[in-house]
file data_9.csv (CSV, C-alpha atoms)
chain,number,residue,atom,x,y,z
A,27,MET,CA,8.2,-54.4,110.5
A,28,GLY,CA,6.5,-57.4,108.9
A,29,ALA,CA,3.3,-55.5,109.2
A,30,THR,CA,4.0,-53.9,105.8
A,31,SER,CA,3.5,-57.2,104.0
A,32,ILE,CA,-0.3,-56.8,104.1
A,33,GLY,CA,-0.7,-56.1,100.5
A,34,GLY,CA,-4.4,-55.1,100.6
A,35,GLY,CA,-7.5,-57.1,100.3
A,36,VAL,CA,-10.9,-57.4,101.9
A,37,VAL,CA,-11.7,-58.8,105.3
A,38,GLY,CA,-11.8,-62.4,104.2
A,39,TYR,CA,-8.2,-62.1,102.9
A,40,LEU,CA,-7.3,-60.4,106.1
A,41,ARG,CA,-8.3,-63.3,108.2
A,42,ALA,CA,-6.5,-65.8,105.9
A,43,GLY,CA,-3.4,-63.7,106.1
A,44,LEU,CA,-3.3,-62.7,109.7
A,45,VAL,CA,-4.9,-65.6,111.6
A,46,VAL,CA,-4.2,-68.6,109.4
A,47,ARG,CA,-1.0,-67.9,107.5
A,48,GLN,CA,1.0,-65.5,109.8
A,49,ARG,CA,-0.5,-66.5,113.1
A,50,TRP,CA,-0.2,-63.0,114.3
A,51,LEU,CA,-3.6,-63.1,115.9
A,52,ASP,CA,-6.0,-65.7,117.2
A,53,ASP,CA,-9.6,-65.8,116.0
A,54,ALA,CA,-11.1,-64.3,119.1
A,55,SER,CA,-8.9,-61.1,119.0
A,56,PHE,CA,-9.5,-60.9,115.2
A,57,VAL,CA,-13.2,-60.8,115.7
A,58,GLU,CA,-12.9,-58.3,118.5
A,59,LEU,CA,-10.7,-55.9,116.4
A,60,LEU,CA,-13.1,-56.4,113.4
A,61,ALA,CA,-16.1,-55.3,115.5
A,62,ILE,CA,-14.2,-52.1,116.5
A,63,SER,CA,-13.3,-51.5,112.8
A,64,GLN,CA,-16.9,-51.8,111.8
A,65,THR,CA,-18.4,-49.6,114.5
A,66,LEU,CA,-16.0,-46.7,114.1
A,67,PRO,CA,-16.1,-44.4,111.0
A,68,GLY,CA,-13.5,-45.2,108.4
A,69,LEU,CA,-13.0,-48.0,105.9
A,70,ASN,CA,-13.2,-51.4,107.6
A,71,ALA,CA,-10.0,-52.7,106.0
A,72,THR,CA,-8.1,-49.5,106.9
A,73,ASN,CA,-9.3,-49.4,110.4
A,74,MET,CA,-8.5,-53.1,110.8
A,75,SER,CA,-4.9,-52.7,109.6
A,76,ILE,CA,-4.4,-49.8,112.0
A,77,LEU,CA,-5.6,-51.8,115.0
A,78,VAL,CA,-3.6,-54.9,114.0
A,79,GLY,CA,-0.5,-52.8,113.3
A,80,ASP,CA,-0.8,-51.1,116.7
A,81,LYS,CA,-1.3,-54.4,118.5
A,82,LEU,CA,1.7,-56.0,116.9
A,83,ARG,CA,4.3,-53.2,116.6
A,84,GLY,CA,2.8,-50.1,118.3
A,85,THR,CA,2.5,-46.7,116.5
A,86,PRO,CA,5.0,-47.4,113.6
A,87,GLY,CA,3.2,-50.7,113.0
A,88,ALA,CA,-0.2,-49.0,112.7
A,89,LEU,CA,1.2,-46.4,110.4
A,90,LEU,CA,2.9,-48.8,108.1
A,91,ALA,CA,0.0,-51.2,108.1
A,92,ALA,CA,-2.4,-48.5,107.0
A,93,LEU,CA,-0.1,-47.3,104.2
A,94,GLY,CA,0.5,-50.9,103.1
A,95,MET,CA,-3.2,-51.5,103.0
A,96,CYS,CA,-4.1,-48.4,101.0
A,97,LEU,CA,-1.2,-47.5,98.7
A,98,PRO,CA,-1.4,-50.3,96.1
A,99,GLY,CA,-5.1,-49.7,95.5
A,100,ALA,CA,-4.7,-45.9,95.6
A,101,ALA,CA,-1.8,-46.0,93.1
A,102,LEU,CA,-3.8,-48.2,90.8
A,103,MET,CA,-6.8,-45.9,91.0
A,104,THR,CA,-4.7,-42.8,90.3
A,105,ALA,CA,-3.4,-44.5,87.2
A,106,ALA,CA,-7.0,-45.4,86.3
A,107,ALA,CA,-8.0,-41.8,86.5
A,108,PHE,CA,-5.3,-40.9,84.0
A,109,ALA,CA,-6.2,-43.8,81.7
A,110,TYR,CA,-9.8,-42.7,81.9
A,111,GLY,CA,-8.8,-39.2,80.8
A,112,VAL,CA,-7.2,-40.7,77.8
A,113,GLY,CA,-9.6,-43.5,76.8
A,114,GLY,CA,-12.7,-42.9,78.8
A,115,ASP,CA,-14.7,-41.5,75.9
A,116,ASP,CA,-14.1,-44.3,73.6
A,117,PRO,CA,-17.4,-46.1,72.9
A,118,LEU,CA,-15.9,-49.5,73.8
A,119,SER,CA,-14.7,-48.4,77.2
A,120,ARG,CA,-18.0,-46.6,77.8
A,121,ALA,CA,-19.8,-49.9,77.1
A,122,PHE,CA,-17.4,-51.7,79.5
A,123,LEU,CA,-17.7,-49.0,82.3
A,124,ARG,CA,-21.5,-48.9,82.1
A,125,ALA,CA,-21.8,-52.6,82.5
A,126,ILE,CA,-19.3,-52.9,85.4
A,127,ALA,CA,-21.3,-50.1,87.1
A,128,ALA,CA,-24.4,-52.3,86.9
A,129,GLY,CA,-22.3,-55.2,88.3
A,130,ALA,CA,-21.1,-52.9,91.1
A,131,VAL,CA,-24.7,-52.2,92.1
A,132,GLY,CA,-25.3,-55.9,92.5
A,133,LEU,CA,-22.1,-56.1,94.6
A,134,ILE,CA,-23.3,-53.3,96.9
A,135,LEU,CA,-26.7,-54.9,97.4
A,136,MET,CA,-24.9,-58.1,98.4
A,137,VAL,CA,-22.7,-56.2,100.9
A,138,MET,CA,-25.8,-54.5,102.3
A,139,VAL,CA,-27.6,-57.8,102.7
A,140,GLN,CA,-24.6,-59.3,104.5
A,141,LEU,CA,-24.2,-56.3,106.7
A,142,GLY,CA,-27.9,-56.3,107.4
A,143,ALA,CA,-28.0,-60.0,108.3
A,144,LYS,CA,-25.3,-59.3,110.9
A,145,VAL,CA,-26.5,-56.1,112.5
A,146,LEU,CA,-30.3,-55.9,112.1
A,147,GLY,CA,-31.6,-57.8,115.1
A,148,GLY,CA,-35.3,-56.9,115.3
A,149,PHE,CA,-38.1,-55.1,113.6
A,150,ALA,CA,-37.1,-51.7,115.0
A,151,ASP,CA,-33.6,-52.1,113.4
A,152,TYR,CA,-35.2,-52.6,110.0
A,153,VAL,CA,-37.4,-49.5,110.5
A,154,PHE,CA,-34.3,-47.4,111.4
A,155,ALA,CA,-32.4,-48.7,108.4
A,156,GLY,CA,-35.5,-48.1,106.1
A,157,ILE,CA,-36.0,-44.5,107.4
A,158,THR,CA,-32.4,-43.7,107.0
A,159,ALA,CA,-32.4,-44.9,103.4
A,160,ALA,CA,-35.6,-43.1,102.5
A,161,LEU,CA,-34.5,-39.8,104.0
A,162,VAL,CA,-31.1,-39.8,102.3
A,163,ALA,CA,-32.0,-41.3,98.9
A,164,GLY,CA,-35.6,-40.2,98.7
A,165,PHE,CA,-35.7,-36.8,100.2
A,166,GLY,CA,-32.1,-35.7,99.8
A,167,VAL,CA,-31.5,-35.2,103.5
A,168,PRO,CA,-27.7,-34.7,104.1
A,169,VAL,CA,-26.0,-37.8,105.5
A,170,PRO,CA,-24.8,-36.1,108.7
A,171,TYR,CA,-28.3,-35.1,109.8
A,172,ALA,CA,-29.6,-38.6,109.1
A,173,LEU,CA,-26.6,-40.2,110.9
A,174,VAL,CA,-26.9,-38.0,114.0
A,175,GLY,CA,-30.7,-37.9,114.1
A,176,ILE,CA,-31.6,-41.5,113.4
A,177,GLY,CA,-28.4,-42.7,115.1
A,178,ALA,CA,-29.4,-41.0,118.3
A,179,LEU,CA,-32.9,-42.3,118.1
A,180,ALA,CA,-31.7,-45.9,117.5
A,181,ILE,CA,-29.1,-45.7,120.2
A,182,TRP,CA,-31.8,-44.4,122.6
A,183,TRP,CA,-34.0,-47.3,121.5
A,184,HIS,CA,-31.4,-49.8,122.5
A,185,ARG,CA,-30.4,-47.9,125.6
A,186,PRO,CA,-29.2,-49.9,128.5
A,187,ARG,CA,-32.1,-51.0,130.7
A,188,PRO,CA,-32.0,-52.4,134.2
A,189,ARG,CA,-33.7,-55.6,133.1
A,190,LYS,CA,-33.6,-57.4,129.8
A,191,GLY,CA,-37.0,-57.1,128.2
A,192,GLY,CA,-39.0,-55.1,125.7
A,193,ASP,CA,-36.5,-55.7,123.0
A,194,THR,CA,-38.4,-56.1,119.7
B,26,MET,CA,-3.7,-24.5,95.5
B,27,LYS,CA,-7.1,-23.4,96.8
B,28,GLN,CA,-8.5,-26.4,95.0
B,29,LEU,CA,-6.2,-28.8,96.9
B,30,PHE,CA,-7.5,-27.3,100.2
B,31,GLU,CA,-11.1,-27.9,98.9
B,32,ILE,CA,-10.3,-31.5,98.0
B,33,GLY,CA,-8.7,-32.0,101.5
B,34,GLY,CA,-11.8,-30.5,103.2
B,35,VAL,CA,-14.3,-32.5,101.2
B,36,PHE,CA,-12.6,-35.8,101.7
B,37,ALA,CA,-11.8,-35.3,105.4
B,38,TYR,CA,-15.5,-34.5,105.9
B,39,LEU,CA,-16.5,-37.6,103.9
B,40,SER,CA,-14.3,-39.8,105.9
B,41,LEU,CA,-16.3,-39.1,109.0
B,42,LEU,CA,-19.4,-40.5,107.3
B,43,THR,CA,-18.0,-43.9,106.4
B,44,VAL,CA,-19.8,-45.7,109.3
B,45,GLY,CA,-20.1,-49.3,108.5
B,46,GLY,CA,-18.1,-49.0,105.2
B,47,GLY,CA,-17.2,-46.6,102.5
B,48,MET,CA,-20.5,-46.9,100.7
B,49,ALA,CA,-22.2,-45.0,103.5
B,50,ALA,CA,-20.4,-41.8,102.3
B,51,PHE,CA,-21.5,-42.2,98.7
B,52,PRO,CA,-24.6,-40.0,98.8
B,53,GLU,CA,-22.6,-37.1,100.2
B,54,LEU,CA,-19.7,-37.9,97.9
B,55,LYS,CA,-22.0,-37.6,94.9
B,56,ASP,CA,-23.6,-34.4,96.2
B,57,LEU,CA,-20.3,-32.6,97.0
B,58,THR,CA,-18.2,-33.7,94.0
B,59,VAL,CA,-20.9,-33.5,91.4
B,60,ASN,CA,-23.5,-31.0,92.5
B,61,VAL,CA,-21.5,-28.6,94.7
B,62,HIS,CA,-18.0,-28.5,93.2
B,63,HIS,CA,-18.7,-29.7,89.7
B,64,TRP,CA,-15.4,-31.6,89.8
B,65,LEU,CA,-16.8,-34.4,87.6
B,66,THR,CA,-20.1,-35.7,86.2
B,67,PHE,CA,-22.3,-38.3,87.9
B,68,PRO,CA,-21.5,-40.9,85.2
B,69,GLU,CA,-17.8,-40.3,85.7
B,70,LEU,CA,-18.1,-40.8,89.4
B,71,ILE,CA,-20.0,-44.0,88.9
B,72,HIS,CA,-17.3,-45.3,86.5
B,73,TYR,CA,-14.6,-44.6,89.0
B,74,TYR,CA,-16.5,-46.2,91.7
B,75,SER,CA,-17.0,-49.3,89.6
B,76,ILE,CA,-13.3,-49.5,88.6
B,77,GLY,CA,-12.6,-49.2,92.3
B,78,GLN,CA,-14.4,-52.4,92.9
B,79,LEU,CA,-11.7,-54.1,90.9
B,80,ALA,CA,-8.7,-52.5,92.6
B,81,PRO,CA,-6.9,-54.2,95.5
B,82,GLY,CA,-7.3,-52.8,99.0
B,83,PRO,CA,-10.3,-51.0,100.5
B,84,ASN,CA,-13.1,-50.4,98.0
B,85,MET,CA,-13.0,-46.6,98.4
B,86,MET,CA,-9.5,-46.1,97.0
B,87,MET,CA,-11.4,-44.4,94.1
B,88,VAL,CA,-11.1,-41.2,96.1
B,89,ALA,CA,-7.6,-41.1,94.7
B,90,SER,CA,-9.1,-41.2,91.2
B,91,VAL,CA,-11.4,-38.3,92.0
B,92,GLY,CA,-8.5,-36.3,93.4
B,93,ALA,CA,-6.4,-37.1,90.3
B,94,HIS,CA,-9.3,-36.3,88.0
B,95,VAL,CA,-9.6,-32.8,89.6
B,96,SER,CA,-5.9,-31.8,90.0
B,97,GLY,CA,-3.5,-34.6,89.0
B,98,LEU,CA,-1.1,-36.4,91.4
B,99,PRO,CA,-1.2,-33.8,94.2
B,100,GLY,CA,-5.0,-34.1,94.1
B,101,ALA,CA,-4.8,-37.8,94.4
B,102,ALA,CA,-2.4,-37.6,97.4
B,103,VAL,CA,-4.4,-34.9,99.2
B,104,ALA,CA,-7.7,-36.8,98.7
B,105,LEU,CA,-6.2,-40.1,99.9
B,106,VAL,CA,-4.6,-38.6,103.0
B,107,ALA,CA,-7.6,-36.5,103.9
B,108,PHE,CA,-9.9,-39.5,103.5
B,109,ILE,CA,-7.8,-41.7,105.7
B,110,LEU,CA,-6.1,-39.6,108.3
B,111,PRO,CA,-9.0,-38.3,110.5
B,112,THR,CA,-10.7,-41.6,111.0
B,113,GLY,CA,-7.4,-43.4,111.1
B,114,LEU,CA,-6.3,-41.3,114.1
B,115,PHE,CA,-9.7,-41.8,115.7
B,116,THR,CA,-9.5,-45.6,115.3
B,117,PHE,CA,-6.0,-45.6,116.6
B,118,ALA,CA,-7.1,-43.8,119.8
B,119,VAL,CA,-10.3,-45.7,120.3
B,120,GLY,CA,-8.5,-49.0,119.7
B,121,ARG,CA,-6.3,-48.3,122.7
B,122,LEU,CA,-9.3,-47.2,124.8
B,123,TRP,CA,-11.6,-50.0,123.8
B,124,ALA,CA,-10.5,-52.5,126.5
B,125,ARG,CA,-11.6,-50.0,129.1
B,126,LEU,CA,-14.9,-49.5,127.4
B,127,ALA,CA,-15.7,-53.2,127.5
B,128,ASP,CA,-18.0,-52.8,130.5
B,129,TRP,CA,-19.6,-49.6,129.4
B,130,PRO,CA,-23.4,-50.3,129.5
B,131,TRP,CA,-24.1,-48.1,126.4
B,132,ARG,CA,-21.6,-49.9,124.2
B,133,PRO,CA,-24.1,-52.5,122.8
B,134,ALA,CA,-26.6,-49.7,122.3
B,135,VAL,CA,-24.2,-47.7,120.3
B,136,GLN,CA,-23.1,-50.7,118.3
B,137,ARG,CA,-26.6,-51.7,117.4
B,138,GLY,CA,-28.0,-48.2,116.8
B,139,LEU,CA,-25.2,-47.2,114.5
B,140,GLY,CA,-25.4,-50.6,112.8
B,141,SER,CA,-29.0,-50.0,111.7
B,142,VAL,CA,-28.2,-46.5,110.4
B,143,ALA,CA,-25.1,-47.9,108.6
B,144,VAL,CA,-27.3,-50.4,106.7
B,145,GLY,CA,-29.7,-47.6,105.8
B,146,LEU,CA,-26.8,-45.5,104.5
B,147,VAL,CA,-25.4,-48.3,102.4
B,148,LEU,CA,-28.9,-48.9,100.9
B,149,ALA,CA,-29.2,-45.2,100.1
B,150,GLY,CA,-25.9,-45.3,98.4
B,151,ALA,CA,-27.0,-48.3,96.4
B,152,ILE,CA,-30.2,-46.5,95.4
B,153,ILE,CA,-28.4,-43.4,94.3
B,154,LEU,CA,-25.8,-45.4,92.4
B,155,GLY,CA,-28.5,-47.5,90.9
B,156,ARG,CA,-30.4,-44.4,89.6
B,157,GLY,CA,-27.3,-43.5,87.6
B,158,ALA,CA,-26.2,-46.9,86.6
B,159,LEU,CA,-29.3,-49.0,85.9
B,160,ILE,CA,-30.4,-47.1,82.8
B,161,SER,CA,-32.0,-49.9,80.9
B,162,PRO,CA,-33.5,-53.4,81.6
B,163,PHE,CA,-30.2,-54.9,80.4
B,164,TYR,CA,-28.3,-53.2,83.2
B,165,MET,CA,-30.9,-54.0,85.8
B,166,ALA,CA,-30.7,-57.7,84.8
B,167,LEU,CA,-27.0,-57.5,85.0
B,168,ALA,CA,-27.1,-56.1,88.6
B,169,ALA,CA,-29.6,-58.8,89.6
B,170,VAL,CA,-27.5,-61.6,88.2
B,171,VAL,CA,-24.3,-60.3,89.9
B,172,PHE,CA,-26.2,-60.0,93.2
B,173,ALA,CA,-27.7,-63.5,92.9
B,174,LEU,CA,-24.3,-65.0,92.0
B,175,LEU,CA,-22.5,-63.3,94.9
B,176,MET,CA,-25.2,-64.3,97.4
B,177,LEU,CA,-25.3,-67.9,96.3
B,178,THR,CA,-21.6,-68.6,95.7
B,179,LYS,CA,-18.4,-67.7,97.3
B,180,VAL,CA,-16.8,-66.4,94.1
B,181,ASN,CA,-14.4,-63.4,94.4
B,182,PRO,CA,-16.5,-60.3,93.6
B,183,ALA,CA,-14.0,-59.1,91.1
B,184,TRP,CA,-14.9,-61.9,88.6
B,185,PRO,CA,-18.6,-61.2,88.1
B,186,ILE,CA,-17.8,-57.5,87.7
B,187,VAL,CA,-15.2,-58.2,85.1
B,188,ALA,CA,-17.7,-60.5,83.4
B,189,SER,CA,-20.3,-57.8,83.4
B,190,GLY,CA,-17.8,-55.5,81.6
B,191,ALA,CA,-17.1,-58.2,79.0
B,192,LEU,CA,-20.9,-58.7,78.5
B,193,GLY,CA,-21.2,-54.9,78.0
B,194,ILE,CA,-18.6,-54.9,75.3
B,195,ALA,CA,-20.1,-58.0,73.7
B,196,LEU,CA,-23.5,-56.3,73.6
B,197,TYR,CA,-21.9,-53.2,72.0
B,198,LEU,CA,-20.2,-55.2,69.3
B,199,LEU,CA,-23.2,-57.2,68.4
call {"tool": "encode", "arguments": {"input": "data_9.csv", "output": "structure tokens"}}
result
Amino acid sequence: MGATSIGGGVVGYLRAGLVVRQRWLDDASFVELLAISQTLPGLNATNMSILVGDKLRGTPGALLAALGMCLPGAALMTAAAFAYGVGGDDPLSRAFLRAIAAGAVGLILMVMVQLGAKVLGGFADYVFAGITAALVAGFGVPVPYALVGIGALAIWWHRPRPRKGGDT
Amino acid sequence: MKQLFEIGGVFAYLSLLTVGGGMAAFPELKDLTVNVHHWLTFPELIHYYSIGQLAPGPNMMMVASVGAHVSGLPGAAVALVAFILPTGLFTFAVGRLWARLADWPWRPAVQRGLGSVAVGLVLAGAIILGRGALISPFYMALAAVVFALLMLTKVNPAWPIVASGALGIALYLL
């Protein structure tokens, strides 16, 4: 039941903990599980902990790994909500919160660029990403429509072809 | 009690949209919690999201905050379980199937196609968050500096965000 010792953290920590320190996985299977986690819906870190837990200890491992991954952060954020209710209106904490919100925007842009560098392979991919962002943020199209509509289009664009070619 | 069911429904639905990361669900999260259900205001949602960047674990554990904000501890528990269980079960099942899908010719197509859309959704989330958070040139500059710092160095993302908060307080006191 060592799977519970994953105390939370992002993907970088995961690799350090799973591959380097505990040697539960080799790098190849880590990358493979990570690819699954990122393709499927769900938080990458949570998906990853479920897959690793399952691989190591079966169903109970998956369950405990997911709990271990989420509970510390969730407990802290629940506490944060109560603290916010008490002190959130104080001008000092408002100044703090507004500034960290701006910092968070910078962080998301970084995440997007990293994700983009990994998955956007050609001009068409940038177009799909751009259209999705414009529809959702600019025209208020609900995410499921954009996801299914543009997703189907993009999957069809990359459909398996008999010969390699025509890939922009 | 009815509200707990609503929280469960909203977050179970949102969890299905988190393709490529939690931020992809942010546009719908904002629409449902702020515009449809009026559980909290947009600035409050942004604040929880930002605090969530400092908490350990997956960055969307702020769903527990939203749940707690609406109906206390039960709300937090319901939001968390609803947000994690549906996709968790899905991942669990697909993880076991994946080996068999290795030779499926459509697999790379699905991976690339959804990948592009996921990047677009994260960008949409950033734009919507930015509209609420970047309310003056100071905050825009702050976001740009954090972005540049994270791109150019390997510093833990929590530090620049804490530093932004400290700057915000300093600015307020001056």
call {"tool": "residues_around", "arguments": {"input": "data_9.csv", "residues": "stretch 68-73 of chain B", "least_positions_apart": "3", "cutoff": "8 Å", "atoms": "all atoms listed in the file", "output": "VMD selection string"}}
result
(chain A and resid 107 123 to 124 126 to 127) or (chain B and resid 55 65 76 to 77 87 90 to 91 154 157 to 158)
call {"tool": "closest_residue", "arguments": {"input": "data_9.csv", "among": "B:Ala143, B:Val180, B:Ala37, B:Ser96", "to": "chain A", "atoms": "all atoms listed in the file"}}
result
B:Ala143
call {"tool": "residues_around", "arguments": {"input": "data_9.csv", "residues": "B:Ile194", "least_positions_apart": "4", "cutoff": "9 Å", "atoms": "all atoms listed in the file", "output": "list in words"}}
result
Leu118, Ser119, Arg120, Ala121, Phe122 and Ala125 of chain A; Ser189, Gly190, Leu198 and Leu199 of chain B
call {"tool": "atom_distance", "arguments": {"input": "data_9.csv", "atom1": "atom CA of B:Gly155", "atom2": "atom CA of B:Leu54"}}
result
14.8 Å
call {"tool": "residues_around", "arguments": {"input": "data_9.csv", "residues": "B:Ala183", "least_positions_apart": "5", "cutoff": "10 Å", "atoms": "only C-alpha atoms", "output": "number ranges by chain"}}
result
A: 126, 129-130, 133; B: 76, 78-81, 188
call {"tool": "write_last_selection", "arguments": {"input": "data_9.csv", "atoms": "C-alpha atoms", "output": "mmCIF file, in the coordinates of the input"}}
result
data_model
loop_
_atom_site.group_PDB
_atom_site.id
_atom_site.type_symbol
_atom_site.label_atom_id
_atom_site.label_comp_id
_atom_site.auth_asym_id
_atom_site.auth_seq_id
_atom_site.Cartn_x
_atom_site.Cartn_y
_atom_site.Cartn_z
ATOM 1 C CA ILE A 126 -19.300 -52.900 85.400
ATOM 2 C CA GLY A 129 -22.300 -55.200 88.300
ATOM 3 C CA ALA A 130 -21.100 -52.900 91.100
ATOM 4 C CA LEU A 133 -22.100 -56.100 94.600
ATOM 5 C CA ILE B 76 -13.300 -49.500 88.600
ATOM 6 C CA GLN B 78 -14.400 -52.400 92.900
ATOM 7 C CA LEU B 79 -11.700 -54.100 90.900
ATOM 8 C CA ALA B 80 -8.700 -52.500 92.600
ATOM 9 C CA PRO B 81 -6.900 -54.200 95.500
ATOM 10 C CA ALA B 188 -17.700 -60.500 83.400
#
call {"tool": "closest_residue", "arguments": {"input": "data_9.csv", "among": "A:Phe165, A:Tyr171, A:Leu69, A:Ile176", "to": "A:Asp151", "atoms": "only C-alpha atoms"}}
result
A:Ile176
call {"tool": "closest_atom_pairs", "arguments": {"input": "data_9.csv", "of": "chain A", "to": "chain B", "cutoff": "6 Å", "atoms": "only C-alpha atoms", "output": "CSV"}}
result
residue,atom,partner,partner_atom,distance
A:Gly34,CA,B:Gly82,CA,4.0
A:Gly35,CA,B:Gly82,CA,4.5
A:Gln64,CA,B:Gly45,CA,5.2
A:Pro67,CA,B:Val44,CA,4.3
A:Gly68,CA,B:Thr43,CA,5.1
A:Leu69,CA,B:Gly46,CA,5.2
A:Asn70,CA,B:Gly46,CA,6.0
A:Ala71,CA,B:Pro83,CA,5.8
A:Met95,CA,B:Gly82,CA,5.9
A:Cys96,CA,B:Gly82,CA,5.8
A:Gly99,CA,B:Pro81,CA,4.8
A:Ala100,CA,B:Met86,CA,5.0
A:Met103,CA,B:Ser90,CA,5.2
A:Thr104,CA,B:Ser90,CA,4.8
A:Ala107,CA,B:Ser90,CA,4.9
A:Ala121,CA,B:Gly193,CA,5.3
A:Phe122,CA,B:Gly190,CA,4.4
A:Leu123,CA,B:His72,CA,5.6
A:Ala125,CA,B:Gly190,CA,5.0
A:Ile126,CA,B:Gly190,CA,4.8
A:Ala127,CA,B:Ser75,CA,5.0
A:Ala128,CA,B:Ala168,CA,5.0
A:Gly129,CA,B:Ala168,CA,4.9
A:Ala130,CA,B:Ser75,CA,5.7
A:Val131,CA,B:Ala168,CA,5.8
A:Gly132,CA,B:Phe172,CA,4.3
A:Leu133,CA,B:Phe172,CA,5.8
A:Met136,CA,B:Phe172,CA,5.7
A:Gly142,CA,B:Val144,CA,6.0
A:Val145,CA,B:Gly140,CA,5.6
A:Asp151,CA,B:Ser141,CA,5.3
A:Phe154,CA,B:Ser141,CA,5.9
A:Ala155,CA,B:Gly145,CA,3.9
A:Gly156,CA,B:Gly145,CA,5.8
A:Thr158,CA,B:Gly145,CA,4.9
A:Ala159,CA,B:Gly145,CA,4.5
A:Ala163,CA,B:Ala149,CA,4.9
A:Gly177,CA,B:Leu139,CA,5.6
A:Ala180,CA,B:Gly138,CA,4.4
A:Ile181,CA,B:Gly138,CA,4.4
A:His184,CA,B:Ala134,CA,4.8
A:Arg185,CA,B:Ala134,CA,5.3
A:Pro186,CA,B:Trp131,CA,5.8
call {"tool": "atom_distance", "arguments": {"input": "data_9.csv", "atom1": "atom CA of A:Leu179", "atom2": "atom CA of A:Val137"}}
result
24.4 Å
call {"tool": "atom_distance", "arguments": {"input": "data_9.csv", "atom1": "atom CA of B:His63", "atom2": "atom CA of B:Ala107"}}
result
19.3 Å
call {"tool": "residues_around", "arguments": {"input": "data_9.csv", "residues": "A:Ile76", "least_positions_apart": "6", "cutoff": "7 Å", "atoms": "all atoms listed in the file", "output": "count of residues only"}}
result
5
call {"tool": "residues_around", "arguments": {"input": "data_9.csv", "residues": "A:Leu77", "least_positions_apart": "2", "cutoff": "7 Å", "atoms": "only C-alpha atoms", "output": "ChimeraX atom specification"}}
result
/A:59,73-75,79-81,88 /B:117,120
